[in-house]
>>> print(open('target09.cif').read())   # mmCIF, C-alpha atoms
data_target
#
loop_
_atom_site.label_atom_id
_atom_site.label_comp_id
_atom_site.auth_asym_id
_atom_site.auth_seq_id
_atom_site.Cartn_x
_atom_site.Cartn_y
_atom_site.Cartn_z
CA MET A 1 6.30 28.85 -22.97
CA ASN A 2 7.20 25.64 -21.17
CA LYS A 3 9.59 25.92 -18.27
CA LYS A 4 13.02 24.44 -18.95
CA ILE A 5 14.47 22.08 -16.37
CA LEU A 6 17.93 20.50 -16.31
CA ILE A 7 18.34 17.17 -14.49
CA ILE A 8 21.89 16.38 -13.35
CA ASP A 9 22.58 12.92 -11.96
CA ASP A 10 25.13 10.25 -12.76
CA GLU A 11 22.63 7.44 -12.09
CA LYS A 12 20.48 6.57 -15.08
CA ASN A 13 17.56 5.16 -13.07
CA ILE A 14 17.20 8.41 -11.16
CA ARG A 15 17.38 10.53 -14.31
CA LEU A 16 14.65 8.37 -15.81
CA THR A 17 12.48 8.64 -12.70
CA LEU A 18 12.70 12.43 -12.66
CA LYS A 19 12.26 12.74 -16.39
CA SER A 20 9.15 10.59 -16.58
CA CYS A 21 7.61 12.42 -13.62
CA LEU A 22 8.31 15.92 -14.95
CA ASP A 23 7.58 15.11 -18.62
CA GLU A 24 3.98 14.46 -17.62
CA GLU A 25 3.74 18.00 -16.25
CA GLY A 26 4.70 19.44 -19.63
CA PHE A 27 8.13 20.74 -18.69
CA GLU A 28 10.93 20.84 -21.23
CA ILE A 29 13.56 18.48 -19.83
CA ASP A 30 17.28 18.41 -20.49
CA ILE A 31 19.76 15.93 -19.01
CA ALA A 32 23.37 16.06 -17.86
CA ILE A 33 25.12 12.92 -16.67
CA ASN A 34 28.07 14.48 -14.86
CA GLY A 35 29.40 17.74 -13.43
CA GLU A 36 31.39 18.68 -16.53
CA GLU A 37 28.40 18.35 -18.85
CA ALA A 38 26.22 20.15 -16.29
CA LEU A 39 28.53 23.18 -16.19
CA LYS A 40 28.59 23.47 -19.96
CA LYS A 41 24.83 23.20 -20.24
CA ILE A 42 23.98 25.58 -17.39
CA LEU A 43 26.35 28.24 -18.66
CA SER A 44 25.12 28.05 -22.24
CA ASN A 45 21.35 27.73 -21.67
CA ASN A 46 18.66 29.59 -19.81
CA TYR A 47 17.07 27.04 -17.50
CA ASP A 48 14.24 27.90 -15.13
CA LEU A 49 15.38 25.24 -12.73
CA VAL A 50 18.22 22.79 -12.17
CA LEU A 51 17.90 19.52 -10.24
CA LEU A 52 21.40 18.82 -9.00
CA ASP A 53 22.75 15.61 -7.47
CA LEU A 54 25.43 16.29 -4.85
CA LYS A 55 27.32 13.04 -5.11
CA MET A 56 28.85 12.52 -8.53
CA PRO A 57 32.25 11.27 -9.66
CA GLY A 58 34.59 13.98 -10.99
CA ILE A 59 33.11 17.45 -10.46
CA ASP A 60 30.52 16.94 -7.73
CA GLY A 61 27.29 18.86 -7.19
CA MET A 62 28.69 21.36 -4.71
CA GLU A 63 31.53 22.24 -7.09
CA VAL A 64 29.04 22.73 -9.93
CA LEU A 65 27.07 25.08 -7.68
CA LYS A 66 30.19 27.03 -6.65
CA GLU A 67 31.38 27.32 -10.22
CA ILE A 68 28.11 28.58 -11.70
CA ARG A 69 27.67 31.13 -8.90
CA LYS A 70 31.26 32.30 -9.40
CA LYS A 71 30.36 32.95 -13.03
CA GLY A 72 27.32 34.97 -11.92
CA ASN A 73 24.67 32.43 -12.91
CA GLU A 74 21.67 32.72 -10.58
CA VAL A 75 19.57 29.78 -11.83
CA ASN A 76 17.21 28.13 -9.31
CA VAL A 77 18.73 24.95 -7.93
CA ILE A 78 17.14 22.02 -6.12
CA ILE A 79 19.73 19.81 -4.49
CA MET A 80 19.25 16.05 -4.44
CA THR A 81 20.91 14.18 -1.63
CA ALA A 82 21.05 10.68 -0.23
CA TYR A 83 18.72 10.22 2.72
CA GLY A 84 19.66 12.25 5.77
CA THR A 85 22.80 13.85 4.42
CA VAL A 86 22.13 17.51 5.09
CA GLU A 87 25.65 18.38 6.28
CA LYS A 88 26.07 20.75 3.38
CA ALA A 89 22.78 22.61 3.90
CA VAL A 90 24.35 25.79 5.26
CA GLU A 91 27.13 25.81 2.66
CA ALA A 92 24.58 25.28 -0.12
CA MET A 93 22.34 28.02 1.30
CA LYS A 94 25.21 30.49 1.11
CA LEU A 95 25.62 29.47 -2.53
CA GLY A 96 21.98 30.24 -3.20
CA ALA A 97 20.40 26.79 -2.97
CA ILE A 98 17.82 26.24 -0.31
CA ASP A 99 15.66 23.43 -1.64
CA PHE A 100 16.57 19.85 -0.88
CA LEU A 101 15.06 16.65 -2.16
CA SER A 102 16.19 13.51 -0.36
CA LYS A 103 16.39 10.21 -2.23
CA PRO A 104 14.31 8.18 -2.78
CA PHE A 105 11.54 10.62 -3.67
CA THR A 106 7.88 10.14 -4.46
CA PRO A 107 6.33 11.70 -7.59
CA GLU A 108 4.29 13.94 -5.33
CA GLU A 109 7.40 15.27 -3.56
CA ILE A 110 9.08 16.04 -6.89
CA ARG A 111 6.10 17.92 -8.32
CA LYS A 112 5.50 19.83 -5.09
CA ILE A 113 9.05 21.10 -4.72
CA VAL A 114 9.41 21.96 -8.43
CA LYS A 115 6.13 23.88 -8.36
CA SER A 116 7.03 25.79 -5.20
CA VAL A 117 10.37 26.89 -6.67
CA LEU A 118 8.91 27.90 -10.03
CA ILE A 119 6.15 29.94 -8.40
CA ARG A 120 8.57 32.15 -6.46
CA PRO A 121 9.23 34.79 -9.14
CA SER A 122 5.51 35.69 -9.12
CA LEU A 123 5.48 36.51 -5.39
CA LYS A 124 5.55 40.21 -4.55
CA GLU A 125 6.23 41.71 -1.15
CA GLY A 126 3.12 43.41 0.20
CA LYS A 127 0.85 41.02 -1.70
CA LEU A 128 1.66 37.99 0.38
CA LYS A 129 -1.38 36.40 1.96
CA SER A 130 -1.04 32.77 2.89
CA PHE A 131 1.39 30.79 5.02
CA GLU A 132 2.91 29.34 1.84
CA ASP A 133 3.37 32.85 0.35
CA PHE A 134 5.36 34.03 3.37
CA ILE A 135 7.48 30.87 3.50
CA GLU A 136 8.32 31.02 -0.20
CA TYR A 137 9.04 34.76 -0.01
CA ALA A 138 11.32 34.12 2.98
CA LYS A 139 13.18 31.61 0.81
CA ILE A 140 13.60 34.27 -1.91
CA CYS A 141 15.08 36.58 0.75
CA ILE A 142 17.45 33.84 1.91
CA LEU A 143 18.58 33.27 -1.66
CA LYS A 144 19.20 37.01 -2.02
CA LYS A 145 21.14 36.83 1.26
CA ASP A 146 18.71 39.29 2.88
CA TYR A 147 18.55 37.21 6.05
CA GLU A 148 16.87 39.86 8.20
CA LYS A 149 13.96 40.18 5.80
CA ALA A 150 13.80 36.38 5.62
CA ILE A 151 13.45 36.21 9.40
CA THR A 152 10.67 38.83 9.35
CA ASN A 153 8.74 36.83 6.75
CA LEU A 154 9.25 33.56 8.58
CA ILE A 155 7.82 35.13 11.72
CA LYS A 156 4.85 36.34 9.65
CA SER A 157 4.38 32.81 8.32
CA ILE A 158 4.26 31.50 11.88
CA ALA A 159 1.44 33.96 12.57
CA GLU A 160 -0.48 32.42 9.66
CA ASN A 161 0.10 28.83 10.73
CA MET A 162 1.33 28.29 14.26
CA ASP A 163 1.42 24.50 13.90
CA SER A 164 3.97 24.19 11.11
CA ALA A 165 7.54 23.11 11.82
CA GLU A 166 9.03 24.45 8.59
CA PRO A 167 9.51 28.12 9.55
CA HIS A 168 11.16 27.14 12.83
CA ASN A 169 13.51 24.84 10.96
CA LEU A 170 14.46 27.62 8.53
CA LEU A 171 14.99 30.04 11.42
CA GLY A 172 17.34 27.40 12.83
CA VAL A 173 19.30 27.23 9.58
CA LEU A 174 19.57 31.04 9.54
CA ALA A 175 20.77 31.08 13.15
CA GLU A 176 23.38 28.48 12.21
CA SER A 177 24.58 30.61 9.32
CA LYS A 178 25.28 33.34 11.89
CA ASN A 179 27.07 30.75 14.04
CA ASP A 180 24.47 31.12 16.77
CA ILE A 181 24.34 27.40 17.53
CA LEU A 182 22.32 27.69 20.73
CA LEU A 183 19.59 29.70 19.03
CA ALA A 184 19.59 27.21 16.15
CA ILE A 185 19.08 24.33 18.59
CA LYS A 186 16.16 26.21 20.17
CA HIS A 187 14.51 26.63 16.78
CA TYR A 188 15.05 23.00 15.74
CA LYS A 189 13.61 21.86 19.07
CA ALA A 190 10.61 24.15 18.62
CA ALA A 191 10.06 22.61 15.17
CA LEU A 192 10.16 19.14 16.67
CA ASP A 193 7.80 20.10 19.49
CA LEU A 194 5.25 21.06 16.84
CA GLU A 195 5.89 18.12 14.52
CA PRO A 196 7.88 15.37 16.23
CA THR A 197 8.36 13.52 12.93
CA TYR A 198 9.54 16.54 10.90
CA LYS A 199 12.64 14.99 9.37
CA PRO A 200 14.66 18.07 8.34
CA ALA A 201 14.63 19.39 11.92
CA GLN A 202 15.47 15.94 13.30
CA LYS A 203 18.43 15.69 10.97
CA ASN A 204 19.55 19.25 11.64
CA LEU A 205 19.45 18.69 15.37
CA GLU A 206 21.44 15.47 14.95
CA ARG A 207 23.97 17.18 12.73
CA ILE A 208 24.36 20.18 14.97
CA SER A 209 24.94 17.88 17.92
CA GLN A 210 27.61 16.07 15.93
CA LEU A 211 29.12 19.45 15.12
CA ARG A 212 29.39 20.20 18.81
CA TYR A 213 30.83 16.75 19.40
CA SER A 214 33.62 17.36 16.95
CA LYS A 215 34.34 20.70 18.56
CA ASN A 216 34.81 18.83 21.81
CA GLY A 217 37.41 16.66 20.18
CA ILE A 218 35.32 13.60 19.30
CA ASP A 219 36.98 12.05 16.29
CA LEU A 220 35.36 10.92 13.06
CA GLY A 221 35.54 7.26 14.00
CA ALA A 222 33.38 7.91 17.04
CA LYS A 223 30.84 9.67 14.85
CA GLU A 224 30.61 6.62 12.58
CA ASN A 225 30.12 4.37 15.60
CA ASP A 226 27.35 6.64 16.82
CA LYS A 227 25.54 6.12 13.56
CA GLU A 228 25.83 2.37 13.79
CA ASP A 229 24.57 2.30 17.34
CA LYS A 230 21.27 3.87 16.44
CA MET B 1 -7.09 -12.18 -6.32
CA ILE B 2 -5.13 -8.96 -6.26
CA ARG B 3 -6.92 -5.89 -7.48
CA LYS B 4 -5.17 -4.23 -10.35
CA ILE B 5 -3.43 -1.04 -9.33
CA ASN B 6 -4.29 1.78 -11.66
CA ARG B 7 -3.47 4.98 -9.84
CA LYS B 8 -0.69 6.76 -11.72
CA ASP B 9 1.25 8.09 -8.77
CA ASP B 10 1.57 4.92 -6.74
CA TYR B 11 4.75 4.78 -4.69
CA ILE B 12 5.73 1.14 -4.34
CA ILE B 13 8.36 -0.40 -2.12
CA ILE B 14 9.61 -3.88 -3.03
CA ILE B 15 11.73 -5.85 -0.59
CA GLY B 16 13.91 -8.51 -2.18
CA CYS B 17 15.53 -8.17 -5.61
CA GLY B 18 15.79 -11.86 -6.46
CA ARG B 19 14.26 -13.34 -9.59
CA LEU B 20 10.72 -12.56 -8.46
CA GLY B 21 11.37 -9.12 -6.98
CA SER B 22 13.46 -7.90 -9.90
CA HIS B 23 10.94 -9.14 -12.47
CA LEU B 24 8.13 -7.42 -10.60
CA ALA B 25 10.16 -4.20 -10.34
CA ASN B 26 10.88 -4.28 -14.07
CA LEU B 27 7.20 -4.81 -14.91
CA LEU B 28 6.00 -2.02 -12.60
CA SER B 29 8.72 0.35 -13.74
CA ALA B 30 7.69 -0.26 -17.37
CA SER B 31 4.17 0.75 -16.29
CA LYS B 32 5.59 4.08 -15.03
CA LYS B 33 5.15 3.31 -11.35
CA SER B 34 7.47 4.83 -8.77
CA ILE B 35 9.57 2.03 -7.36
CA VAL B 36 12.02 1.65 -4.50
CA ILE B 37 13.61 -1.78 -4.31
CA ILE B 38 15.59 -2.93 -1.28
CA ASP B 39 18.01 -5.85 -1.11
CA LYS B 40 20.89 -6.80 1.16
CA ASN B 41 23.07 -7.72 -1.78
CA GLU B 42 24.12 -5.05 -4.26
CA GLU B 43 24.77 -7.70 -6.93
CA SER B 44 21.03 -8.46 -6.98
CA PHE B 45 20.30 -5.10 -8.60
CA LYS B 46 22.08 -6.34 -11.76
CA ARG B 47 18.88 -8.28 -12.45
CA LEU B 48 17.06 -4.99 -13.09
CA ASN B 49 16.58 -3.85 -16.68
CA PRO B 50 18.89 -1.13 -17.98
CA ASN B 51 15.77 1.01 -18.35
CA PHE B 52 14.58 0.46 -14.78
CA SER B 53 13.53 3.84 -13.43
CA GLY B 54 13.42 3.86 -9.68
CA PHE B 55 15.60 3.70 -6.62
CA THR B 56 17.70 0.88 -5.24
CA ILE B 57 18.69 0.66 -1.58
CA GLU B 58 21.32 -1.83 -0.50
CA ALA B 59 20.35 -2.66 3.07
CA ASP B 60 18.54 -5.09 5.33
CA ALA B 61 14.88 -4.14 5.32
CA ILE B 62 14.20 -5.81 8.66
CA GLU B 63 15.73 -2.72 10.22
CA GLU B 64 13.03 -0.14 10.59
CA GLU B 65 15.50 2.64 9.85
CA VAL B 66 15.96 1.21 6.37
CA LEU B 67 12.22 1.22 5.76
CA GLU B 68 12.13 4.83 6.93
CA GLU B 69 14.94 5.67 4.56
CA ALA B 70 12.76 4.23 1.79
CA LYS B 71 10.02 6.63 3.01
CA ILE B 72 7.67 3.80 3.88
CA ASP B 73 5.32 6.31 5.51
CA GLN B 74 4.50 7.60 2.03
CA ALA B 75 4.15 4.22 0.32
CA ASP B 76 0.90 3.14 -1.30
CA VAL B 77 2.02 -0.44 -1.71
CA VAL B 78 4.62 -2.59 0.07
CA VAL B 79 5.57 -5.96 -1.43
CA SER B 80 7.89 -8.27 0.48
CA VAL B 81 9.24 -11.03 -1.77
CA THR B 82 12.45 -12.25 -0.17
CA ASN B 83 13.04 -16.01 -0.10
CA ASP B 84 12.52 -16.07 3.66
CA ASP B 85 8.96 -16.34 5.00
CA ASN B 86 9.84 -14.94 8.43
CA THR B 87 11.37 -11.82 6.87
CA ASN B 88 8.37 -11.36 4.61
CA ILE B 89 5.88 -11.80 7.43
CA MET B 90 7.75 -9.38 9.69
CA ILE B 91 8.07 -6.67 7.07
CA ALA B 92 4.45 -7.11 6.03
CA GLN B 93 3.37 -6.70 9.64
CA ILE B 94 5.49 -3.58 10.16
CA ALA B 95 4.04 -2.08 6.98
CA LYS B 96 0.48 -2.91 7.90
CA LYS B 97 0.38 -2.30 11.65
CA ILE B 98 2.87 0.52 12.17
CA TYR B 99 2.64 2.44 8.92
CA ASN B 100 -0.94 1.58 7.91
CA ILE B 101 0.07 0.98 4.29
CA PRO B 102 -3.12 0.54 2.23
CA LYS B 103 -1.84 -2.48 0.31
CA VAL B 104 0.65 -4.99 1.68
CA ILE B 105 1.55 -8.17 -0.18
CA ALA B 106 3.90 -10.88 1.01
CA ARG B 107 5.43 -13.81 -0.80
CA LEU B 108 4.81 -17.16 0.77
CA VAL B 109 7.61 -19.67 0.19
CA GLU B 110 6.25 -22.49 2.38
CA PRO B 111 2.56 -23.13 1.54
CA ASN B 112 1.93 -24.61 5.02
CA LYS B 113 2.36 -21.18 6.56
CA GLN B 114 -0.61 -19.73 4.68
CA LYS B 115 -2.79 -19.89 7.81
CA ILE B 116 -0.44 -17.66 9.82
CA TYR B 117 -0.60 -14.97 7.17
CA ASP B 118 -4.37 -15.31 6.91
CA LYS B 119 -4.72 -14.79 10.66
CA LEU B 120 -2.67 -11.62 10.41
CA GLY B 121 -4.79 -10.36 7.53
CA ILE B 122 -1.86 -10.16 5.11
CA VAL B 123 -2.42 -10.77 1.41
CA THR B 124 -0.08 -13.50 0.22
CA ILE B 125 1.06 -14.86 -3.08
CA CYS B 126 2.52 -18.35 -3.02
CA PRO B 127 4.41 -19.10 -6.24
CA THR B 128 4.44 -22.81 -5.37
CA ILE B 129 0.65 -23.02 -5.09
CA LEU B 130 0.15 -20.89 -8.22
CA SER B 131 2.51 -23.06 -10.25
CA ALA B 132 0.91 -26.27 -8.99
CA GLU B 133 -2.53 -24.97 -9.92
CA GLU B 134 -1.41 -23.91 -13.38
CA ILE B 135 0.30 -27.23 -14.05
CA SER B 136 -2.72 -29.20 -12.87
CA LYS B 137 -4.96 -27.09 -15.12
CA THR B 138 -2.94 -28.09 -18.16
CA ILE B 139 -3.27 -31.77 -17.18
CA ILE B 140 -6.90 -32.05 -16.07
#
>>> encode(input="target09.cif", output="structure tokens")
Amino acid sequence: MNKKILIIDDEKNIRLTLKSCLDEEGFEIDIAINGEEALKKILSNNYDLVLLDLKMPGIDGMEVLKEIRKKGNEVNVIIMTAYGTVEKAVEAMKLGAIDFLSKPFTPEEIRKIVKSVLIRPSLKEGKLKSFEDFIEYAKICILKKDYEKAITNLIKSIAENMDSAEPHNLLGVLAESKNDILLAIKHYKAALDLEPTYKPAQKNLERISQLRYSKNGIDLGAKENDKEDK
Amino acid sequence: MIRKINRKDDYIIIIGCGRLGSHLANLLSASKKSIVIIDKNEESFKRLNPNFSGFTIEADAIEEEVLEEAKIDQADVVVSVTNDDNTNIMIAQIAKKIYNIPKVIARLVEPNKQKIYDKLGIVTICPTILSAEEISKTII
């Protein structure tokens, strides 16, 4: 049976982009144009995957996520964000969403992330072989809030591919979720040492630095100026 | 002559959503291409069809950060069609030299500048020359 995917975005052009890209792959696609419609559809259907835009008028993406989790719905969620806005990564992770797609996205990016999420249920502990297997299994563990097992699998993935930045970035996110900011910075820096252009780690490091700024009493205005100066 | 692009998954960045840029974006979007169109003026995006499927970015594409936001590193084609030759030439050069984009096309407003583009190895389309040629064909 075809996998069922729900696309939630208030912008028509983005819904069309996603739909045309995923239609070609043979998925069954459903659409919601705002948070209210999304909630109704998620709670009354069995989707394999939901593509959720964070920024929507009315009920926004994060509220949709909170609400469905509160009602015990464990559907897979990929969060779509504007470029570089990963501030909510840790909050989303705690709500069981670990996959982010930053706009604009290429057809290849969409297919890759959708495929990697849909393949997760078939992964079994003890039968993991490749770097990708360990990474994806670690993500399952994160989603089940078994952070220790996630860390173990991420370390195993590093053993399979020592050059990849992704596991270090995820270890950083996990450290952040435990409020160990210094350890998180170490992991993000390690990711960047391996792949200096790895954007998630760049953004995380930027964000975490801003976090520390605000703790030191830097106000929001200063943060905006920082952005403009770059 | 520009080779026809046939690959299904092409990721195309268009700079400038004026009459030319928007028309091009509408045509490519109708052919199921993945489009990102950048323009300084949000109003310009009103020229896009209601069925345009793609992304719009309201920003000045001369800033490299904006091109990065558009994920220029993953682009197969970059087309710069603003009404300013200097902007087009600069963006075309960034796309070609820094990001090694396989296909870069720039609009040429002033036909006299053709030689500069040729020296830089950038493919240009000059609407003025094309129109003149078409008009002369109908006369001769």
>>> residues_around(input="target09.cif", residues="Lys96 (chain B)", least_positions_apart="6", cutoff="10 Å", atoms="all atoms listed in the file", output="MDAnalysis selection string")
chainID B and resid 78 90 102:105 120:122
>>> write_last_selection(input="target09.cif", atoms="C-alpha atoms", output="PDB file, in the coordinates of the input")
ATOM      1  CA  VAL B  78       4.620  -2.590   0.070  1.00  0.00           C
ATOM      2  CA  MET B  90       7.750  -9.380   9.690  1.00  0.00           C
ATOM      3  CA  PRO B 102      -3.120   0.540   2.230  1.00  0.00           C
ATOM      4  CA  LYS B 103      -1.840  -2.480   0.310  1.00  0.00           C
ATOM      5  CA  VAL B 104       0.650  -4.990   1.680  1.00  0.00           C
ATOM      6  CA  ILE B 105       1.550  -8.170  -0.180  1.00  0.00           C
ATOM      7  CA  LEU B 120      -2.670 -11.620  10.410  1.00  0.00           C
ATOM      8  CA  GLY B 121      -4.790 -10.360   7.530  1.00  0.00           C
ATOM      9  CA  ILE B 122      -1.860 -10.160   5.110  1.00  0.00           C
TER      10      ILE B 122
END
>>> interface_residues(input="target09.cif", of="chain A", to="chain B", cutoff="8 Å", atoms="only C-alpha atoms", output="list in words")
Lys12, Asn13, Ile14, Arg15, Leu16, Thr17, Ser20, Tyr83, Lys103, Pro104, Phe105, Thr106, Pro107 and Glu108 of chain A
>>> residues_near_point(input="target09.cif", point="(16.7, 19.2, 16.2)", cutoff="7 Å", atoms="all atoms listed in the file", output="list in words")
Ile185, Tyr188, Lys189, Leu192, Ala201, Gln202, Lys203, Asn204, Leu205 and Glu206 of chain A
>>> resolve_selection(input="target09.cif", expression="the PyMOL selection byres ((chain A and resi 34-43) around 9)", output="list in words")
Leu6, Ile7, Ile8, Asp9, Asp10, Asp30, Ile31, Ala32, Ile33, Ser44, Asn45, Asn46, Tyr47, Val50, Leu52, Met56, Pro57, Gly58, Ile59, Asp60, Gly61, Glu63, Val64, Leu65, Glu67, Ile68, Lys71, Asn73 and Val75 of chain A
>>> resolve_selection(input="target09.cif", expression="the PyMOL selection byres ((chain A and resi 186) around 10)", output="list in words")
His168, Asn169, Leu171, Gly172, Ala175, Ile181, Leu182, Leu183, Ala184, Ile185, His187, Tyr188, Lys189, Ala190, Ala191, Leu192 and Leu205 of chain A
>>> residues_around(input="target09.cif", residues="Lys156 (chain A)", least_positions_apart="3", cutoff="10 Å", atoms="all atoms listed in the file", output="list in words")
Leu128, Lys129, Ser130, Phe131, Phe134, Ile135, Ala138, Ala150, Ile151, Thr152, Asn153, Ala159, Glu160, Asn161, Met162 and Pro167 of chain A
>>> resolve_selection(input="target09.cif", expression="the PyMOL selection byres ((chain B and resi 48) around 8)", output="ChimeraX atom specification")
/B:22-23,25-26,45-47,49-50,52
>>> atom_distance(input="target09.cif", atom1="CA of Ser80 (chain B)", atom2="CA of Pro196 (chain A)")
28.4 Å
>>> decode(input="target09.cif", residues="region 66-117 of chain B", atoms="C-alpha atoms", output="PDB file, in the first residue's frame")
ATOM      1  CA  VAL B  66      21.158  35.644   0.004  1.00  0.00           C
ATOM      2  CA  LEU B  67      22.490  33.332  -2.690  1.00  0.00           C
ATOM      3  CA  GLU B  68      23.489  30.875   0.032  1.00  0.00           C
ATOM      4  CA  GLU B  69      20.014  31.094   1.499  1.00  0.00           C
ATOM      5  CA  ALA B  70      18.723  30.106  -1.939  1.00  0.00           C
ATOM      6  CA  LYS B  71      21.096  27.096  -1.727  1.00  0.00           C
ATOM      7  CA  ILE B  72      23.069  28.198  -4.757  1.00  0.00           C
ATOM      8  CA  ASP B  73      25.604  25.455  -4.055  1.00  0.00           C
ATOM      9  CA  GLN B  74      22.971  22.934  -5.121  1.00  0.00           C
ATOM     10  CA  ALA B  75      21.725  24.798  -8.191  1.00  0.00           C
ATOM     11  CA  ASP B  76      21.949  23.279 -11.656  1.00  0.00           C
ATOM     12  CA  VAL B  77      21.096  26.534 -13.385  1.00  0.00           C
ATOM     13  CA  VAL B  78      21.390  30.195 -12.361  1.00  0.00           C
ATOM     14  CA  VAL B  79      19.683  32.848 -14.488  1.00  0.00           C
ATOM     15  CA  SER B  80      20.223  36.511 -13.707  1.00  0.00           C
ATOM     16  CA  VAL B  81      17.651  38.693 -15.476  1.00  0.00           C
ATOM     17  CA  THR B  82      17.475  41.936 -13.521  1.00  0.00           C
ATOM     18  CA  ASN B  83      17.307  45.164 -15.526  1.00  0.00           C
ATOM     19  CA  ASP B  84      20.832  46.081 -14.440  1.00  0.00           C
ATOM     20  CA  ASP B  85      23.759  44.684 -16.432  1.00  0.00           C
ATOM     21  CA  ASN B  86      26.272  45.171 -13.620  1.00  0.00           C
ATOM     22  CA  THR B  87      24.110  43.167 -11.214  1.00  0.00           C
ATOM     23  CA  ASN B  88      23.625  40.421 -13.773  1.00  0.00           C
ATOM     24  CA  ILE B  89      27.316  40.216 -14.588  1.00  0.00           C
ATOM     25  CA  MET B  90      28.312  40.120 -10.928  1.00  0.00           C
ATOM     26  CA  ILE B  91      25.825  37.417  -9.988  1.00  0.00           C
ATOM     27  CA  ALA B  92      26.731  35.388 -13.065  1.00  0.00           C
ATOM     28  CA  GLN B  93      30.393  35.571 -12.099  1.00  0.00           C
ATOM     29  CA  ILE B  94      29.741  34.545  -8.493  1.00  0.00           C
ATOM     30  CA  ALA B  95      27.667  31.601  -9.720  1.00  0.00           C
ATOM     31  CA  LYS B  96      30.252  30.509 -12.242  1.00  0.00           C
ATOM     32  CA  LYS B  97      33.539  31.135 -10.452  1.00  0.00           C
ATOM     33  CA  ILE B  98      32.705  30.547  -6.789  1.00  0.00           C
ATOM     34  CA  TYR B  99      29.966  27.950  -6.982  1.00  0.00           C
ATOM     35  CA  ASN B 100      30.880  26.273 -10.281  1.00  0.00           C
ATOM     36  CA  ILE B 101      27.248  26.184 -11.413  1.00  0.00           C
ATOM     37  CA  PRO B 102      27.049  24.087 -14.603  1.00  0.00           C
ATOM     38  CA  LYS B 103      24.808  26.528 -16.454  1.00  0.00           C
ATOM     39  CA  VAL B 104      24.804  30.279 -15.892  1.00  0.00           C
ATOM     40  CA  ILE B 105      22.803  32.647 -18.077  1.00  0.00           C
ATOM     41  CA  ALA B 106      22.717  36.420 -17.805  1.00  0.00           C
ATOM     42  CA  ARG B 107      20.437  38.962 -19.392  1.00  0.00           C
ATOM     43  CA  LEU B 108      22.167  41.667 -21.342  1.00  0.00           C
ATOM     44  CA  VAL B 109      20.324  44.988 -21.346  1.00  0.00           C
ATOM     45  CA  GLU B 110      22.949  47.045 -23.200  1.00  0.00           C
ATOM     46  CA  PRO B 111      24.061  45.195 -26.373  1.00  0.00           C
ATOM     47  CA  ASN B 112      27.416  47.042 -26.381  1.00  0.00           C
ATOM     48  CA  LYS B 113      28.480  45.133 -23.284  1.00  0.00           C
ATOM     49  CA  GLN B 114      28.296  41.768 -25.040  1.00  0.00           C
ATOM     50  CA  LYS B 115      32.097  41.620 -25.360  1.00  0.00           C
ATOM     51  CA  ILE B 116      32.632  41.856 -21.594  1.00  0.00           C
ATOM     52  CA  TYR B 117      30.366  38.898 -21.005  1.00  0.00           C
TER      53      TYR B 117
END
